[in-house]
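Heads up, the thing below is written out as structure tokens.
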Amino acid sequence: MRVLITDSYDQMGLEAAKIVAGQIYLKPNSVLGLATGSTPLSMYERLVAVHRTVGLDFSEVTTFNLDEYIGMGPDNPQSYHYFMQKHFFKHINIKPENVHIPNGMAQDVIAEGERYEQLIAAKGGIDLQVLGIGQNAHIGFNEPDVKFAATTHKVELDEETILANSRFFNNVDEVPRYAISMGIKTIMMAERVILLANGRNKARAVYKAVCGDVTPEAPASILQLHRDVVVILDKEAAELLPANVVSI
Ligand code: GLP
């Protein structure tokens, strides 16, 4: 695990965008795993800028998003489908058929999870997975006490997550209670992973991910066992890390 501490949220996004852009330059038909939330927005902005200014080409790129709320269709402005279109896909030249996000409206969630896993495998697996982190150290929607062996599956959201995500809704009662998420195994099978975090409210989760015990109580801690992870932080999110953490 390598840790990169940047000066600001924008700088964090820039460093993440450099890694994603480098991946696409080296392998134009890369398979990217993508995240939603406020954290990766500065990365998406930078990637859109690189696409516009120097023509970073997404025409052969395939994407798989981490998760979606159950019960939300793509036209719902709170859905992760909508989020991805608004902040990223509609600004780049990715082919709609190469964009994949779990279907939150699937009648059979187990079958949807299996379909998603098969699709990832059929595309040759994820080359680079982008992650944010929840305040409780969740990745995707893999909440504390997750099973590390899980693949894409239905999850019940923690109260803490519901509260944290209620800032995007009119009130807390509107936040869905369930989601469909890539599992820890799906994430761990990616060739490379970048984990982004900004702000003081993520400092504890970052500490657990980087320095804590590897335990299902802190799902992101499993990343310590992955062979190619870069953690990209702003100063506030890095606040609790000891000085001896290997940084680049
Ligand atoms: C959400 C998403 C995660 C995201 C996390 C942090 O619940 N499922 O993929 O990383 O919470 O969100 P934010 O970046 O808005 O803090």
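Here, A, B, ... name the chains of the structure tokens in the order displayed, residue numbers run from 1 inside each chain, and ligands are numbered from 1 in the same displayed order.
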Q. Once you count only C-alpha atoms and all ligand atoms, which residues end up within 6 Å of ligand 1, and could you hand them over as a ChimeraX atom specification?
A. /A:35-39,131-134,139-141
Output file for the residues above (C-alpha atoms, as a CSV table (one decimal), in the first residue's frame):
```
chain,number,residue,atom,x,y,z
A,35,ALA,CA,-17.1,5.1,-7.5
A,36,THR,CA,-19.7,7.8,-6.7
A,37,GLY,CA,-19.9,10.2,-3.8
A,38,SER,CA,-18.5,13.7,-3.4
A,39,THR,CA,-14.9,12.4,-3.1
A,131,LEU,CA,-12.7,3.8,-4.4
A,132,GLY,CA,-13.9,6.3,-1.9
A,133,ILE,CA,-14.3,5.4,1.7
A,134,GLY,CA,-17.2,5.8,4.1
A,139,ILE,CA,-15.9,0.6,0.4
A,140,GLY,CA,-18.5,0.4,-2.2
A,141,PHE,CA,-21.5,-0.3,0.1
```
Q.
Please extract the residues of region 52-209 of chain A with a backbone DSSP assignment of alpha helix (DSSP H) and present them as JSON, numbers by chain.
A. {"A": [52, 53, 54, 80, 81, 82, 83, 84, 85, 86, 87, 109, 110, 111, 112, 113, 114, 115, 116, 117, 118, 119, 120, 121, 122, 159, 160, 161, 162, 163, 164, 165, 184, 185, 186, 187, 188, 203, 204, 205, 206, 207, 208, 209]}
Q.
Using only C-alpha atoms, which protein or nucleic acid residues come within 9 Å of region 62-67 of chain A? Drop anything in the same chain fewer than 3 positions from it, and give the result as a PyMOL selection string.
A. chain A and resi 29-36+58-59+80-81+84+94-95+97-104+116+120+123+126+129-131+139-141+152+179-183+187
Q | Nearest to Ala220 (chain A) by atom-to-atom distance, counting only C-alpha atoms, from A:Asp57, A:Glu15, A:Glu174, A:Glu143 | A |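 The closest residue to Ala220 (chain A) is A:Glu143.
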**Q.** Residue with smallest distance to Met43 (chain A) - pool A:Ala17, A:Ala218, A:Leu26, A:Val175, counting only C-alpha atoms
**A.**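 Ranked by minimum distance to Met43 (chain A), first place goes to A:Ala17.
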**Q.** Given only C-alpha atoms as the counted atoms, nearest of A:Leu128, A:Leu119, A:Ala209, A:Ala238 to Ala190 (chain A)
**A.**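 Of the candidates, the smallest distance to Ala190 (chain A) is held by A:Leu128.
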Q) Restricting the calculation to only C-alpha atoms, which member of A:Ile184, A:Val245, A:Met105, A:Ala203 is positioned closest to Val146 (chain A)? A) A:Ile184
Q | Backbone-only DSSP, strand (DSSP E) members of region 25-236 of chain A, as a ChimeraX atom specification | A | /A:31-34,62-65,67-69,99-100,128-131,153-156,178-181,192-197,229-233
Q) For Leu223 (chain A), which of A:Ala49, A:Ala243, A:His138, A:Asn198 is the closest residue, counting only C-alpha atoms? A)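 Using only C-alpha atoms, the shortest distance to Leu223 (chain A) belongs to A:His138.
Using only C-alpha atoms, the nearest neighbour of Ser8 (chain A) within the list A:Gly55, A:Pro77, A:Gly199, A:Pro96 is A:Gly199.
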**Q.** Between CA of Val230 (chain A) and CA of Asp10 (chain A) - distance in Å to one decimal
**A.**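 The value is 16.9 Å.
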Q: Have a look at CA of Asp145 (chain A) and CA of Arg227 (chain A) and let me know their distance in Å, one decimal.
A: 22.7 Å
Q.
Report, in Å to a single decimal, how far apart CA of Gly125 (chain A) and CA of Leu4 (chain A) are.
A.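 Value for the CA of Leu4 (chain A)-CA of Gly125 (chain A) distance: 25.6 Å.
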